Amino acid sequence: MSVSPPSSHMPVVPADVTLGAQVSVGYSHAPSALQVPASITTRGSEEEEEGNPKEDDGELTEEEVSGCLHDLGPSATGLEYTYRALSIPGRNLTDISLLHNYVHLQRLEVPHNKIKDLSCVSHMPYLLFLDASHNEISQFFGFHPPKNLKEVDFSYNQMSEMKALSAYSSLCRLNLDHNSFREIRGLEMCSSLTHLSLAHNRIYQLKGLGKLPLRELCLRGNHIRKIENIEKIWTLQTLDLSSNKIQSLSGLQNLHLLGSLNLENNMVSDIKEAKHIHDLPLLRELNLQRNPVQDEADYRLAAVFLLQQLSLLDQRDVMAEEKVSAVNKYDPPPEVTAARDHMMHAVFQLRQPQVIFDSTLPSLNTPYPMLVLAGPQACGKRELAHRLCHEFNQFFAYGICHTTRGPYFGEEDGSDYHYVSEEQFHDMIRAGKFIQTIQYAGHWYGLSREAIEEVAREGLACCVHMELEGVLSLKSTYFEPRYVLLVPTDQEKYGNRLRRRALYTREQMDSALSRVDAYVRLNREHPGYFDNVITCDDTVEAYKTLCQVVREYLGLEEQGGGDGTSAMPENTFTGDSLKDTREQSDLSRNLYGKVQQRLAPPRSPAEVASQQKRRQLFREALTGKSPGAYTQPLNRVSLSASGSTALQAGQDPAPLSSPPPEPIENSRSPTAVPPCPPSGTAWGVLGKGRGQTSRPGTGTGTRPGQPERSHGLRLLPPAGLIPGVQSEAASGRPGSNAKPVLPPIPSGRKTATPNPTPP
Ligand SMILES: Nc1ncnc2c1ncn2[C@@H]1O[C@H](COP(=O)(O)OP(=O)(O)OP(=O)(O)O)[C@@H](O)[C@H]1O
């Protein structure tokens with residue numbers, strides 16, 4: 001250990017004499033902790049030795065000091081070794097004036113005494129840390145400022161007024177808890193102040209903090225009603241405003257570094273206040289205990305939802321499951337919405353008497369063909385759907401959804417939508433009428449079974465447009481449409497289109513714009529989720545591409561056709577002759593099959609193999625030895641349909657071998673679909689088409705030369721008439737007798753064909 005050279009003015013006191021066990025190594029020109037006159041420093045011990053203990057008059061003695069010095073090291077000037085810290089807690093000291101001699105002290109701790117006067121600190125220019133808490137000090141910083149003073153604890157004193165601390169530019173931490181301050185002031189120049197605590201004072205207003213570089217601010221237990229004047233304290237990380245009278249969290253929104261906020265025991269009553277701290281990315285801890293907001297139903301879930309960045313709420317960890325539940329409750333992602341939607345409709349359907357939707361039942365071979373145009377609102381998909389259905393009216397018809405929104409100008413009921421009241425819509429949900437629904441921009445939209453069935457009965461593929469959730473929900477059903485995503489890539493153009501419509505609020509437009517990302521993301525993360533993606537910044541271009549895509553689906557290019565109509569030059573069915581009927585049926589069956597095949601999503605090799613196997617089995621059954629074998633598969637098909645119907649009525653399904661009933665006039669009700677007659681002798685039965693209902697995009701009216709379809713029943717040529725029809729047709733629709741004998745396309749779909757003579 002190096003020792004300072006002895007001074008000529010003042011001898012160094014040997015340690016064992018002056019300071020007992022403490023080592024004396026110091027030297028200074030000014031009196032310091034170590035340069036204590038021996039005569040003084042030994043006084044206490046002499047008195048004790050004489051059995052004359054010093055009276056406790058609250059005056060600090062050299063002896064006490066010598067026993068409480070610590071932290072030996074180089075002085076601030078670096079010229080000598082000194083004790084740099086003095087700690088004398090809880091001695092009932094009232095007078096510490098003696099300490100003015102201890103100029104080298106860097107740390108002074110005199111808590112839990114009865115000190116009123118701290119003027120001795122004026123002589124400690126190197127003081128860095130001062131703890132004078134739990135005393136009786138009434139004067140705020142009543143000493144000349146030690147230039148480098150960094151930390152001061154004046155908590156539990158009797159101070160009531162703050163004064164300017166402009167000379168305390170090094171002050172980092174200031175604890176003024178449990179005093180009687182009413183106002184914060186004088187701190188503006190404390191350019192290093194990072195920690196300030198003024199808990200349990202009488203402060204009624206948040207002010208005087210200017211742009212202090214505070215990282216921690218505690219104002220617990222005051223009378224503050226409003227969070228104000230701290231928006232510029234961008235450095236703030238921890239804020240304790242508990243036990244005040246705060247109602248709103250407004251004023252916190254700019255504190256982007258805030259990580260912990262304690263508002264326990266305040267008057268926050270609305271969880272919506274969380275919006276003010278919603279965007280604070282680093283906020284991890286929030287305490288709102290003992291606020292009226294705690295009484296709100298689902299308070300915690302709502303808070304977790306609004307403040308998903310939190311890891312600790314009301315002193316309880318925020319679990320991952322809580323976050324998931326909260327998000328699913330308040331802003332379910334599309335897949336959750338869709339899953340719920342699907343579950344709801346599945347349950348409501350199950351609760352209804354079983355109905356056979358014969359035209360759209362899933363098929364062993366290919367599913368009912370559908371085309372779904374998906375994309376954000378106003379991307380043009382509705383218009384494209386209409387145009388497509390118009391141009392390709394031999395293949396597609398527009399599936400009319402139901403909605404609770406009112407018609408826009410020019411919209412007619414049954415054209416774009418069926419407009420229904422909210423009550424009607426919910427009645428339909430409860431009646432299990434919908435395949436899927438969506439709540440969008442405050443309105444309900446739903447695709448009903450009947451809407452699809454209506455199109456299917458006409459032998460057409462159903463074309464619908466919908467939002468993402470609709471797609472997700474539809475994917476859970478047995479329908480397997482082709483999905484075409486129409487996505488705007490030019491945000492400005494899309495925004496302009498939304499604006500031009502003058503139908504949407506600002507929020508709706510923002511929401512539509514923001515949803516574009518969801519489509520893009522889904523498409524990126526799940527390649528193949530959509531069968532085609534078409535950019536729709538330019539509607540004309542988008543339509544051209546869509547037509548191209550659809551032609552490819554339909555294989556119309558192969559047939560040398562340009563558009564849908566020209567693709568079928570032979571499409572001249574008159575209905576006059578059996579030959580015509582056969583040819584037309586063959587053609588339309590092929591076309592329909594094509595629509596079906598093309599619109600059905602591609603199958604995996606395993607699926608194809610399985611399908612072939614089933615076909616093979618079916619063929620074997622068809623070419624069986626017994627004469628009845630020919631008709632059995634179809635009978636079985638029809639029986640399964642009618643069996644369901646019979647079961648519903650509490651009857652036994654008809655046995656496979658029993659002769660099928662005569663075809664009956666079809667009613668609109670799918671339950672009325674009769675069992676199929678033996679295919680060798682009878683015709684398949686389809687439900688009633690839309691008849692004369694005018695519908696955009698589908699073409700209306702009866703073709704010249706065709707009989708008016710008054711009964712809504714369509715009979716088709718027996719499958720056996722055309723080579724290969726039986727197996728193809730029959731195998732196509734187990735569980736339904738309708739699909740194998742779908743009507744001719746296009747002309748046959750509008751009218752019933754005459755009942756041909758069975759072979
Ligand atoms: N059954 C449904 N399922 C899912 N989404 C649907 C359904 N029916 C309609 N939608 C979609 O709901 C959104 C709102 O429909 P609406 O007709 O009110 O909007 P719009 O302003 O006319 O826009 P668009 O021109 O896209 O139809 C549209 O994106 C539409 O495609």
# chains A, B, ... in the order shown; residues from 1 in each chain; ligands from 1
$ residues_near_ligand --ligand "ligand 1" --cutoff "9 Å" --atoms "only C-alpha atoms and all ligand atoms" --output "VMD selection string"
chain A and resid 373 to 383 400 to 403 405 to 408 416 to 417 434 to 441 443 to 448 464 to 471 473 to 474 498 501 503 to 504 512
$ closest_residue --among "A:Thr238, A:Ser180, A:Thr477, A:Asn266" --to "Asp341 in chain A" --atoms "only C-alpha atoms"
A:Thr477
$ atom_distance --atom1 "CA of Ile271 in chain A" --atom2 "CA of Val336 in chain A"
24.4 Å
$ residues_around --residues "range 218-233 of chain A" --least-positions-apart "5" --cutoff "7 Å" --atoms "only C-alpha atoms" --output "ChimeraX atom specification"
/A:196-207,209,211-213,239-247,249-252,254-255
$ write_last_selection --atoms "C-alpha atoms" --output "PDB file, in the first residue's frame"
ATOM      1  CA  LEU A 196     -36.687  11.279  -9.694  1.00  0.00           C
ATOM      2  CA  SER A 197     -38.968  10.178  -6.925  1.00  0.00           C
ATOM      3  CA  LEU A 198     -41.517  12.415  -5.310  1.00  0.00           C
ATOM      4  CA  ALA A 199     -43.776   9.779  -3.834  1.00  0.00           C
ATOM      5  CA  HIS A 200     -46.163  10.731  -1.073  1.00  0.00           C
ATOM      6  CA  ASN A 201     -46.004  14.462  -1.310  1.00  0.00           C
ATOM      7  CA  ARG A 202     -48.841  16.836  -1.991  1.00  0.00           C
ATOM      8  CA  ILE A 203     -48.280  17.385  -5.631  1.00  0.00           C
ATOM      9  CA  TYR A 204     -51.470  18.089  -7.504  1.00  0.00           C
ATOM     10  CA  GLN A 205     -50.123  18.839 -10.945  1.00  0.00           C
ATOM     11  CA  LEU A 206     -47.592  17.234 -13.210  1.00  0.00           C
ATOM     12  CA  LYS A 207     -45.339  20.032 -14.344  1.00  0.00           C
ATOM     13  CA  LEU A 209     -40.211  18.415 -15.519  1.00  0.00           C
ATOM     14  CA  LYS A 211     -37.332  17.876 -20.994  1.00  0.00           C
ATOM     15  CA  LEU A 212     -35.451  16.209 -18.206  1.00  0.00           C
ATOM     16  CA  PRO A 213     -33.684  13.045 -19.303  1.00  0.00           C
ATOM     17  CA  LEU A 239     -43.432   5.633 -14.494  1.00  0.00           C
ATOM     18  CA  ASP A 240     -45.168   5.182 -11.177  1.00  0.00           C
ATOM     19  CA  LEU A 241     -48.311   7.239 -10.804  1.00  0.00           C
ATOM     20  CA  SER A 242     -50.079   4.901  -8.435  1.00  0.00           C
ATOM     21  CA  SER A 243     -52.397   6.220  -5.742  1.00  0.00           C
ATOM     22  CA  ASN A 244     -53.365   9.410  -7.504  1.00  0.00           C
ATOM     23  CA  LYS A 245     -56.655  10.491  -9.032  1.00  0.00           C
ATOM     24  CA  ILE A 246     -55.984   9.834 -12.668  1.00  0.00           C
ATOM     25  CA  GLN A 247     -58.875   8.931 -14.969  1.00  0.00           C
ATOM     26  CA  LEU A 249     -54.107   7.558 -19.829  1.00  0.00           C
ATOM     27  CA  SER A 250     -53.943  10.354 -22.323  1.00  0.00           C
ATOM     28  CA  GLY A 251     -50.593  12.087 -22.245  1.00  0.00           C
ATOM     29  CA  LEU A 252     -48.545   8.928 -22.337  1.00  0.00           C
ATOM     30  CA  ASN A 254     -45.329   9.724 -26.890  1.00  0.00           C
ATOM     31  CA  LEU A 255     -43.323   7.890 -24.301  1.00  0.00           C
TER      32      LEU A 255
END
$ select_by_dssp --residues "range 169-350 of chain A" --states "strand (DSSP E or B)" --output "NGL selection string"
:A and (173-175 or 195-197 or 216-218 or 238-240 or 260-262 or 285-287 or 312-313 or 316-317)
$ write_last_selection --atoms "N, CA and C atoms" --output "PDB file, in the first residue's frame"
ATOM      1  N   ARG A 173     -29.749  11.052  -9.517  1.00  0.00           N
ATOM      2  CA  ARG A 173     -30.869  10.455  -8.772  1.00  0.00           C
ATOM      3  C   ARG A 173     -31.258  11.364  -7.623  1.00  0.00           C
ATOM      4  N   LEU A 174     -32.547  11.605  -7.558  1.00  0.00           N
ATOM      5  CA  LEU A 174     -33.025  12.468  -6.474  1.00  0.00           C
ATOM      6  C   LEU A 174     -34.277  11.842  -5.868  1.00  0.00           C
ATOM      7  N   ASN A 175     -34.179  11.547  -4.582  1.00  0.00           N
ATOM      8  CA  ASN A 175     -35.321  10.942  -3.902  1.00  0.00           C
ATOM      9  C   ASN A 175     -35.898  11.933  -2.904  1.00  0.00           C
ATOM     10  N   HIS A 195     -33.322   9.772 -12.501  1.00  0.00           N
ATOM     11  CA  HIS A 195     -34.251   9.125 -11.573  1.00  0.00           C
ATOM     12  C   HIS A 195     -34.782  10.171 -10.596  1.00  0.00           C
ATOM     13  N   LEU A 196     -36.087  10.312 -10.606  1.00  0.00           N
ATOM     14  CA  LEU A 196     -36.687  11.279  -9.694  1.00  0.00           C
ATOM     15  C   LEU A 196     -37.865  10.624  -8.995  1.00  0.00           C
ATOM     16  N   SER A 197     -37.841  10.741  -7.665  1.00  0.00           N
ATOM     17  CA  SER A 197     -38.968  10.178  -6.925  1.00  0.00           C
ATOM     18  C   SER A 197     -39.530  11.231  -5.995  1.00  0.00           C
ATOM     19  N   GLU A 216     -36.616   7.130 -14.816  1.00  0.00           N
ATOM     20  CA  GLU A 216     -37.599   6.662 -13.837  1.00  0.00           C
ATOM     21  C   GLU A 216     -38.224   7.847 -13.129  1.00  0.00           C
ATOM     22  N   LEU A 217     -39.525   7.835 -13.083  1.00  0.00           N
ATOM     23  CA  LEU A 217     -40.223   8.921 -12.390  1.00  0.00           C
ATOM     24  C   LEU A 217     -41.286   8.296 -11.503  1.00  0.00           C
ATOM     25  N   CYS A 218     -41.227   8.653 -10.223  1.00  0.00           N
ATOM     26  CA  CYS A 218     -42.221   8.113  -9.303  1.00  0.00           C
ATOM     27  C   CYS A 218     -42.963   9.263  -8.634  1.00  0.00           C
ATOM     28  N   THR A 238     -39.711   4.009 -16.765  1.00  0.00           N
ATOM     29  CA  THR A 238     -40.552   3.519 -15.673  1.00  0.00           C
ATOM     30  C   THR A 238     -41.312   4.694 -15.081  1.00  0.00           C
ATOM     31  N   LEU A 239     -42.606   4.541 -15.021  1.00  0.00           N
ATOM     32  CA  LEU A 239     -43.432   5.633 -14.494  1.00  0.00           C
ATOM     33  C   LEU A 239     -44.385   5.079 -13.443  1.00  0.00           C
ATOM     34  N   ASP A 240     -44.285   5.626 -12.258  1.00  0.00           N
ATOM     35  CA  ASP A 240     -45.168   5.182 -11.177  1.00  0.00           C
ATOM     36  C   ASP A 240     -46.076   6.345 -10.794  1.00  0.00           C
ATOM     37  N   SER A 260     -42.564   0.256 -18.099  1.00  0.00           N
ATOM     38  CA  SER A 260     -43.337  -0.119 -16.921  1.00  0.00           C
ATOM     39  C   SER A 260     -44.199   1.059 -16.489  1.00  0.00           C
ATOM     40  N   LEU A 261     -45.457   0.787 -16.292  1.00  0.00           N
ATOM     41  CA  LEU A 261     -46.395   1.849 -15.915  1.00  0.00           C
ATOM     42  C   LEU A 261     -47.251   1.365 -14.752  1.00  0.00           C
ATOM     43  N   ASN A 262     -47.140   2.069 -13.643  1.00  0.00           N
ATOM     44  CA  ASN A 262     -47.928   1.685 -12.472  1.00  0.00           C
ATOM     45  C   ASN A 262     -49.017   2.724 -12.242  1.00  0.00           C
ATOM     46  N   GLU A 285     -44.932  -3.892 -18.542  1.00  0.00           N
ATOM     47  CA  GLU A 285     -45.622  -4.046 -17.259  1.00  0.00           C
ATOM     48  C   GLU A 285     -46.643  -2.936 -17.087  1.00  0.00           C
ATOM     49  N   LEU A 286     -47.833  -3.357 -16.713  1.00  0.00           N
ATOM     50  CA  LEU A 286     -48.882  -2.364 -16.445  1.00  0.00           C
ATOM     51  C   LEU A 286     -49.634  -2.812 -15.202  1.00  0.00           C
ATOM     52  N   ASN A 287     -49.852  -1.865 -14.317  1.00  0.00           N
ATOM     53  CA  ASN A 287     -50.624  -2.186 -13.119  1.00  0.00           C
ATOM     54  C   ASN A 287     -51.840  -1.265 -13.053  1.00  0.00           C
ATOM     55  N   LEU A 312     -46.571  -8.482 -18.104  1.00  0.00           N
ATOM     56  CA  LEU A 312     -47.041  -8.485 -16.716  1.00  0.00           C
ATOM     57  C   LEU A 312     -48.196  -7.492 -16.605  1.00  0.00           C
ATOM     58  N   LEU A 313     -49.356  -8.009 -16.255  1.00  0.00           N
ATOM     59  CA  LEU A 313     -50.512  -7.129 -16.074  1.00  0.00           C
ATOM     60  C   LEU A 313     -51.026  -7.305 -14.665  1.00  0.00           C
ATOM     61  N   ARG A 316     -49.455  -9.881 -12.537  1.00  0.00           N
ATOM     62  CA  ARG A 316     -49.600 -11.293 -12.908  1.00  0.00           C
ATOM     63  C   ARG A 316     -49.071 -11.471 -14.320  1.00  0.00           C
ATOM     64  N   ASP A 317     -48.322 -12.544 -14.503  1.00  0.00           N
ATOM     65  CA  ASP A 317     -47.778 -12.808 -15.841  1.00  0.00           C
ATOM     66  C   ASP A 317     -48.896 -12.926 -16.865  1.00  0.00           C
TER      67      ASP A 317
END
$ atom_distance --atom1 "CA of Phe425 in chain A" --atom2 "CA of Val487 in chain A"
29.1 Å
$ residues_around --residues "Arg91 in chain A" --least-positions-apart "4" --cutoff "12 Å" --atoms "only C-alpha atoms" --output "list in words"
Asp56, Asp57, Gly58, Glu59, Leu60, Thr61, Glu64, Val65, Cys68, Ser87, Asp95, Ile96, Glu109, Val110, Pro111, His112, Asn113, Lys114, Ile115, His134 and Asn135 of chain A
